[in-house]
Every structure is written in C-alpha cells, then in structure tokens.
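S.K.: Input structure.cif, format and content: mmCIF, C-alpha atoms.
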```
data_work
loop_
_atom_site.label_atom_id
_atom_site.label_comp_id
_atom_site.auth_asym_id
_atom_site.auth_seq_id
_atom_site.Cartn_x
_atom_site.Cartn_y
_atom_site.Cartn_z
CA MET S 1 95.87 147.93 43.57
CA THR S 2 93.17 145.54 42.65
CA HIS S 3 89.51 145.51 41.84
CA LEU S 4 87.46 142.66 43.32
CA GLU S 5 83.74 142.10 42.76
CA PRO S 6 81.60 141.06 45.72
CA GLY S 7 80.40 137.49 45.19
CA ALA S 8 83.20 136.64 42.75
CA VAL S 9 84.41 133.06 43.00
CA LEU S 10 88.19 132.86 42.71
CA ALA S 11 90.00 130.17 40.73
CA PRO S 12 91.11 127.34 43.05
CA GLN S 13 94.88 127.05 43.44
CA GLU S 14 96.58 123.68 43.95
CA TYR S 15 99.86 123.23 45.74
CA ALA S 16 101.80 120.01 46.25
CA VAL S 17 103.40 119.57 49.67
CA THR S 18 106.28 117.15 50.25
CA ARG S 19 108.54 116.40 53.20
CA ALA S 20 111.27 118.46 51.52
CA ASP S 21 108.94 121.50 51.57
CA LEU S 22 108.39 121.03 55.31
CA VAL S 23 112.13 120.91 55.95
CA ALA S 24 112.64 124.12 53.93
CA TYR S 25 109.76 125.77 55.79
CA ALA S 26 111.16 124.68 59.17
CA ALA S 27 114.43 126.42 58.35
CA ALA S 28 112.83 129.57 56.92
CA SER S 29 110.30 129.99 59.72
CA GLY S 30 112.41 128.88 62.67
CA ASP S 31 109.75 126.30 63.62
CA LEU S 32 111.92 123.23 64.22
CA ASN S 33 109.20 121.22 65.98
CA PRO S 34 110.07 117.57 65.17
CA ILE S 35 106.39 116.70 64.56
CA HIS S 36 106.99 118.32 61.14
CA TRP S 37 109.89 116.05 60.17
CA SER S 38 110.07 112.99 62.45
CA ASP S 39 107.47 110.20 62.24
CA ARG S 40 108.88 108.79 65.46
CA VAL S 41 108.19 111.96 67.44
CA ALA S 42 104.89 112.68 65.66
CA THR S 43 103.45 109.26 66.52
CA GLN S 44 104.89 109.47 70.05
CA VAL S 45 102.74 112.54 70.73
CA GLY S 46 99.66 110.89 69.24
CA LEU S 47 99.64 112.28 65.69
CA PRO S 48 99.04 110.02 62.68
CA GLY S 49 102.50 110.85 61.30
CA VAL S 50 104.51 113.88 60.21
CA ILE S 51 102.15 116.80 59.66
CA ALA S 52 102.65 120.05 57.76
CA HIS S 53 103.19 123.19 59.83
CA GLY S 54 99.80 124.86 60.16
CA MET S 55 101.65 128.00 59.16
CA TYR S 56 102.85 126.31 55.98
CA THR S 57 99.25 125.62 54.96
CA MET S 58 98.35 129.20 55.90
CA ALA S 59 101.30 130.45 53.81
CA LEU S 60 99.80 128.57 50.84
CA ALA S 61 96.44 130.22 51.51
CA ALA S 62 98.20 133.61 51.58
CA ARG S 63 99.95 132.69 48.34
CA ALA S 64 96.58 132.07 46.68
CA VAL S 65 95.30 135.42 47.98
CA ALA S 66 98.40 137.15 46.54
CA THR S 67 97.81 135.44 43.18
CA TRP S 68 94.12 136.41 43.04
CA THR S 69 94.63 139.99 44.16
CA HIS S 70 97.90 140.68 42.29
CA GLU S 71 99.71 141.08 45.61
CA ALA S 72 97.24 143.52 47.18
CA PRO S 73 98.38 144.54 50.68
CA VAL S 74 96.97 142.15 53.28
CA LEU S 75 95.30 143.89 56.23
CA GLU S 76 94.23 140.76 58.08
CA ILE S 77 94.59 137.04 57.63
CA GLY S 78 93.64 134.27 60.01
CA CYS S 79 92.30 130.76 60.48
CA LYS S 80 91.92 127.86 62.85
CA PHE S 81 93.91 124.71 62.25
CA THR S 82 91.15 122.12 62.37
CA ALA S 83 92.61 119.00 60.71
CA PRO S 84 96.24 117.97 60.28
CA VAL S 85 97.77 117.77 56.80
CA VAL S 86 99.60 114.46 57.02
CA VAL S 87 102.54 114.41 54.60
CA PRO S 88 103.84 110.94 53.65
CA ASP S 89 107.53 110.19 53.22
CA ASP S 90 107.40 109.84 49.43
CA ASP S 91 108.19 112.03 46.43
CA GLU S 92 104.59 112.96 45.59
CA GLY S 93 103.45 114.27 48.96
CA VAL S 94 99.89 115.62 49.15
CA VAL S 95 97.97 118.37 47.39
CA VAL S 96 96.47 121.33 49.24
CA VAL S 97 93.67 123.13 47.37
CA VAL S 98 92.87 126.76 48.17
CA GLY S 99 89.54 128.11 46.99
CA GLY S 100 88.01 131.47 47.76
CA SER S 101 85.18 133.89 47.20
CA VAL S 102 84.83 137.63 47.72
CA LYS S 103 82.42 138.21 50.58
CA SER S 104 82.36 141.99 50.65
CA VAL S 105 84.11 145.06 49.33
CA GLU S 106 83.72 148.28 51.29
CA ASP S 107 85.81 151.23 52.41
CA GLY S 108 88.81 149.99 50.45
CA ARG S 109 88.73 146.59 52.16
CA ALA S 110 87.88 143.35 50.41
CA THR S 111 87.07 140.34 52.58
CA ILE S 112 87.86 136.96 51.05
CA ALA S 113 86.46 133.76 52.53
CA LEU S 114 88.77 130.85 51.84
CA GLU S 115 88.30 127.12 51.71
CA VAL S 116 91.43 125.05 52.18
CA THR S 117 91.25 121.30 51.69
CA CYS S 118 93.52 118.30 51.44
CA ALA S 119 92.14 115.06 49.96
CA GLY S 120 88.64 116.55 50.22
CA THR S 121 88.89 117.38 53.94
CA LYS S 122 88.79 120.97 55.15
CA VAL S 123 92.03 121.56 57.02
CA LEU S 124 91.57 125.20 58.03
CA GLY S 125 88.62 126.54 60.02
CA MET S 126 87.09 129.83 58.89
CA PRO S 127 90.13 130.94 56.90
CA ARG S 128 89.66 134.55 55.89
CA ALA S 129 91.74 137.39 54.51
CA VAL S 130 91.10 141.11 54.22
CA VAL S 131 93.06 142.99 51.56
CA ALA S 132 93.29 146.64 50.60
CA VAL S 133 91.61 147.45 47.27
CA ASP S 134 90.76 150.51 45.20
CA GLY S 135 87.60 152.35 46.12
CA MET C 1 101.77 119.03 83.53
CA ALA C 2 99.28 121.88 83.41
CA LEU C 3 100.43 125.46 83.05
CA ASP C 4 100.12 127.94 85.89
CA PRO C 5 96.85 129.95 85.56
CA SER C 6 98.62 133.05 86.89
CA LEU C 7 100.36 133.30 83.49
CA VAL C 8 97.27 135.05 82.09
CA GLY C 9 97.99 138.72 81.55
CA ARG C 10 101.73 138.26 81.85
CA SER C 11 104.00 139.92 79.28
CA PHE C 12 107.38 138.48 78.35
CA PRO C 13 110.49 140.56 77.52
CA PRO C 14 110.71 141.79 73.91
CA THR C 15 112.71 139.68 71.45
CA ARG C 16 116.02 141.02 70.21
CA PRO C 17 115.65 143.34 67.21
CA TYR C 18 115.10 141.46 63.94
CA ALA C 19 116.33 143.10 60.73
CA VAL C 20 114.03 142.37 57.79
CA THR C 21 116.20 141.94 54.70
CA GLU C 22 115.34 141.19 51.07
CA GLU C 23 117.20 137.91 51.41
CA ARG C 24 115.09 136.81 54.37
CA LEU C 25 111.87 137.64 52.51
CA ARG C 26 113.04 135.76 49.42
CA THR C 27 113.95 132.71 51.51
CA PHE C 28 110.63 132.76 53.36
CA ALA C 29 108.61 133.12 50.14
CA ALA C 30 110.62 130.36 48.45
CA ALA C 31 109.88 127.99 51.36
CA SER C 32 106.19 128.09 50.42
CA GLY C 33 106.98 127.78 46.71
CA ALA C 34 106.34 131.47 46.00
CA THR C 35 108.70 134.14 44.77
CA TRP C 36 109.28 137.50 46.40
CA GLU C 37 110.32 140.24 44.01
CA GLY C 38 110.05 143.35 46.10
CA GLY C 39 107.19 145.05 47.92
CA PRO C 40 105.63 144.05 51.23
CA ALA C 41 106.65 140.85 53.01
CA PRO C 42 104.49 137.74 52.48
CA ALA C 43 101.38 138.03 54.68
CA THR C 44 102.39 135.25 57.08
CA PHE C 45 106.04 136.35 57.38
CA PRO C 46 105.60 137.83 60.89
CA ILE C 47 105.23 134.24 62.16
CA VAL C 48 109.04 134.23 62.15
CA LEU C 49 108.95 137.00 64.76
CA ALA C 50 106.00 135.58 66.67
CA PHE C 51 107.65 132.19 66.70
CA GLU C 52 110.80 133.52 68.27
CA ALA C 53 108.69 135.10 71.01
CA MET C 54 106.67 131.86 71.43
CA ASN C 55 109.85 129.77 71.70
CA ALA C 56 111.20 132.02 74.46
CA PHE C 57 107.86 131.80 76.27
CA LEU C 58 107.65 128.00 76.01
CA GLU C 59 111.25 127.64 77.14
CA SER C 60 110.70 129.88 80.14
CA GLU C 61 107.65 127.81 81.13
CA GLN C 62 109.52 124.56 80.43
CA VAL C 63 106.97 123.44 77.86
CA GLU C 64 108.29 120.96 75.32
CA LEU C 65 107.82 122.26 71.79
CA ARG C 66 106.96 118.76 70.54
CA ARG C 67 103.84 118.80 72.75
CA ILE C 68 102.60 121.99 71.11
CA VAL C 69 100.16 122.02 68.18
CA HIS C 70 99.05 125.26 66.58
CA GLY C 71 95.32 125.81 67.08
CA GLU C 72 94.66 129.20 65.54
CA GLN C 73 96.60 132.10 64.06
CA ARG C 74 95.64 135.60 63.05
CA PHE C 75 97.63 138.59 61.78
CA THR C 76 96.32 142.13 61.84
CA TYR C 77 98.44 144.72 60.08
CA GLU C 78 98.80 148.40 60.86
CA ARG C 79 101.13 148.68 57.89
CA PRO C 80 102.98 146.20 55.66
CA VAL C 81 106.34 144.78 56.76
CA VAL C 82 109.09 145.89 54.35
CA PRO C 83 112.83 145.33 53.97
CA GLY C 84 114.77 147.68 56.22
CA ASP C 85 112.35 147.23 59.10
CA VAL C 86 113.96 146.41 62.43
CA LEU C 87 111.28 144.72 64.50
CA THR C 88 110.87 143.56 68.07
CA THR C 89 108.08 141.34 69.34
CA THR C 90 106.45 141.29 72.73
CA LEU C 91 104.35 138.29 73.69
CA SER C 92 101.68 138.28 76.35
CA VAL C 93 99.42 135.47 77.52
CA ALA C 94 95.84 136.43 76.74
CA SER C 95 94.01 133.34 77.96
CA LEU C 96 94.52 129.89 79.35
CA ARG C 97 92.02 127.07 79.71
CA GLN C 98 92.07 123.32 79.98
CA ILE C 99 90.14 120.93 77.78
CA GLY C 100 90.55 117.17 78.11
CA GLY C 101 93.86 117.56 79.92
CA ASN C 102 95.26 119.81 77.18
CA ASP C 103 96.20 123.42 77.88
CA ILE C 104 94.73 125.86 75.37
CA ILE C 105 97.02 128.89 75.47
CA GLY C 106 95.96 132.18 73.85
CA THR C 107 98.93 134.43 73.07
CA ARG C 108 99.18 137.89 71.61
CA SER C 109 102.44 139.04 70.03
CA GLU C 110 102.82 142.70 69.16
CA VAL C 111 105.41 143.56 66.54
CA HIS C 112 106.85 147.07 66.81
CA ASP C 113 109.29 148.94 64.60
CA GLU C 114 112.31 150.96 65.70
CA THR C 115 110.20 154.04 66.38
CA GLY C 116 108.03 152.00 68.73
CA ALA C 117 105.05 152.07 66.35
CA LEU C 118 102.87 148.95 66.19
CA VAL C 119 103.29 147.21 62.82
CA CYS C 120 101.37 143.97 63.26
CA THR C 121 99.60 141.97 65.93
CA ALA C 122 99.86 138.19 65.78
CA GLY C 123 97.32 136.27 67.83
CA ALA C 124 98.00 132.56 68.31
CA THR C 125 96.24 129.74 70.07
CA LEU C 126 98.62 126.99 71.11
CA VAL C 127 97.42 123.57 72.18
CA HIS C 128 99.70 121.94 74.75
CA ARG C 129 98.95 118.23 74.38
CA ALA C 130 98.72 116.21 77.56
CA GLU C 131 101.16 113.38 78.24
CA GLU C 132 99.79 109.98 77.28
CA GLN C 133 98.57 107.86 80.15
CA ALA C 134 101.20 105.15 80.81
#
```
Write out the structure in this file as structure tokens.
M.R.:
Amino acid sequence: MTHLEPGAVLAPQEYAVTRADLVAYAAASGDLNPIHWSDRVATQVGLPGVIAHGMYTMALAARAVATWTHEAPVLEIGCKFTAPVVVPDDDEGVVVVVGGSVKSVEDGRATIALEVTCAGTKVLGMPRAVVAVDG
Amino acid sequence: MALDPSLVGRSFPPTRPYAVTEERLRTFAAASGATWEGGPAPATFPIVLAFEAMNAFLESEQVELRRIVHGEQRFTYERPVVPGDVLTTTLSVASLRQIGGNDIIGTRSEVHDETGALVCTAGATLVHRAEEQA
C-alpha cells in the first residue's frame, strides 16, 4: 500500500501515442470502431482524422496513477472525453501528458485530480481517480 | 435516426461469461504500453466487458458503431478484478437525451462474478452522432 500526502503534486508522465498503439488497443479492448484506424471513415463522420480511443487515453491516465501510487488498488476512476486526440499517420504520433495532484486522503481513500493534455489542450474533462491507501 | 425514448430503464441480457486470464491482462496492459506482472487487473480493464455489452446493445438497436463517440466513462469497484474471475456484464440504459440532433445515451454496465456478487460498475455516456445533412 501507499502513502500519499494531501496537496502533493505528482510528477507528470509523458506517453507517445502512434497509430500502431491504436491498432494494438483496438485488438486488446475489442473496440474495432474504424474512427480509430481509418481516416476515410473518421472524416466521413465529421472528425478531423483518426482519433485515439478515449479509453486508450484513460488507460494512460490509469497507468500514471499506477506509477505514482505503486499500483495501489483503484476504487474509482472516471472522466469526460472533451477533446479528441488526433493521431497522425506517421512514426512519431503525438504525446499525451498526464499530471496529477492529491486532493484528499481520508478513510483509506486518496483522491487524485488528474490533468491530461495533448499539445497543450486538455483532452479529458474532470479526470479523477480514487485509490486505496494506508490509514 | 433518433433512438426510441422508451429504451430508458431497459436492461439487456447479460453477456456470456468472460474468463479473466493472466494472458488477457498482460495483453491489455501491453496495449497501453504498461506491463502487468500479477495483482489486480489494470483499472480500465473492465471496458473490455462493458464494450461487449455496449456492442450487443448498439447492434440490437441498429446503431452503427462508427457513429458513436465516447462521451464519458467511470468505473466504480467493489473489489479488484483478478485472474480466475469469470464475469458477466449486464447493461441498462440509464438516460437518453438529444442535443443538436445527436443522441446522448447514458448506460450502466454491472459486472458480476460467478457467485453473483457485484465486482464493478461501469457508467458510460455514448454520443450517437447525427447523419450529415446531404
């Protein structure tokens, strides 16, 4: 279990996202929606291009939480998907940055407010996780 | 085409039982660049279960997956998901409203283990994008 101080600012984590990652995530998650791999379909339905699965971005947020808390059990995690993460068809892809701060620690529950951005734009709305901690 | 408002409150049949294996957890973790080396499943893993339930729901309502964008997602755990779990998921429609021709569909998927105990609740908001005007 983990000890987290209220008010602590957690070290931002950076993750690169490429088209290949989206294809792997489509297979692992079962979300085969073509807006995550086909520019043709994505633009047909009015998107700027292929976008990352919202759940992929949320998985990265959860990965940051696991890193910060040394894999503390997650009790709750949630967010809104407010801006698409557009992933170009190149080898570099884009970088998603996950920042966080500890909002409260009480009754064995630590609440972490997250900030998830891509190219300086917040892509998740009110992302938040609650993990189990000592004390 | 807008969805039928009478869907609100409706529950869909449970998904077939899903066996959580170490291999599945490793593959899921690897897909987001992480490693899984034992312990609880990654926190967003139950999306696999919720997604199966959502797919069945969308198919039964003849909604094209490509017109769906994820609006919001939340997981609340009663206990961690671990290898050896055999889980079924039951989706119900919690809310439905229309904004700018898009359907905003609130769903609630409850994940139960073999004993019938609730393991996790996955709440999702799905945005069904309207057809473009020709």
S.K.: Could you please give me, as an mmCIF file with C-alpha atoms, in the coordinates of the input, the residues of protein, DNA or RNA lying at most 9 Å from (115.3, 130.6, 59.5) in the coordinate frame of the file, considering all atoms listed in the file?
M.R.:
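Produced file selection_30.cif, reproduced below:
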```
data_model
loop_
_atom_site.group_PDB
_atom_site.id
_atom_site.type_symbol
_atom_site.label_atom_id
_atom_site.label_comp_id
_atom_site.auth_asym_id
_atom_site.auth_seq_id
_atom_site.Cartn_x
_atom_site.Cartn_y
_atom_site.Cartn_z
ATOM 1 C CA ALA S 24 112.640 124.120 53.930
ATOM 2 C CA TYR S 25 109.760 125.770 55.790
ATOM 3 C CA ALA S 26 111.160 124.680 59.170
ATOM 4 C CA ALA S 27 114.430 126.420 58.350
ATOM 5 C CA ALA S 28 112.830 129.570 56.920
ATOM 6 C CA SER S 29 110.300 129.990 59.720
ATOM 7 C CA GLY S 30 112.410 128.880 62.670
ATOM 8 C CA ASP S 31 109.750 126.300 63.620
ATOM 9 C CA ARG C 24 115.090 136.810 54.370
ATOM 10 C CA THR C 27 113.950 132.710 51.510
ATOM 11 C CA PHE C 28 110.630 132.760 53.360
ATOM 12 C CA VAL C 48 109.040 134.230 62.150
#
```
S.K.: Quick check on the file I pasted: which residues fall under the PyMOL selection byres ((chain C) within 7 of (chain S))? Write them as a list in words.
M.R.: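 That selection, the PyMOL selection byres ((chain C) within 7 of (chain S)), comes back as Thr27, Phe28, Ala31, Ser32, Ala34, Ala43, Thr44, Val48, Phe51, Leu65, Arg66, Arg67, His70, Gly71, Glu72, Gln73, Arg74, Phe75, Thr76, Tyr77 and Pro80 of chain C.
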S.K.: Any idea what the distance is between CA of Gly7 in chain S and CA of Trp68 in chain S?
M.R.: 13.9 Å
S.K.: Show me, as a PyMOL selection string, the residues that have an atom within 7 Å of range 98-104 of chain S when counting only C-alpha atoms, minus same-chain residues fewer than 3 positions from it.
M.R.: chain S and resi 5-14+61+64+110-117
S.K.: To test your reading of the syntax: which residues would the PyMOL selection byres ((chain C and resi 86) around 7) return for the file shown? Reply as number ranges by chain.
M.R.: C: 17-20, 84-85, 87, 113-114
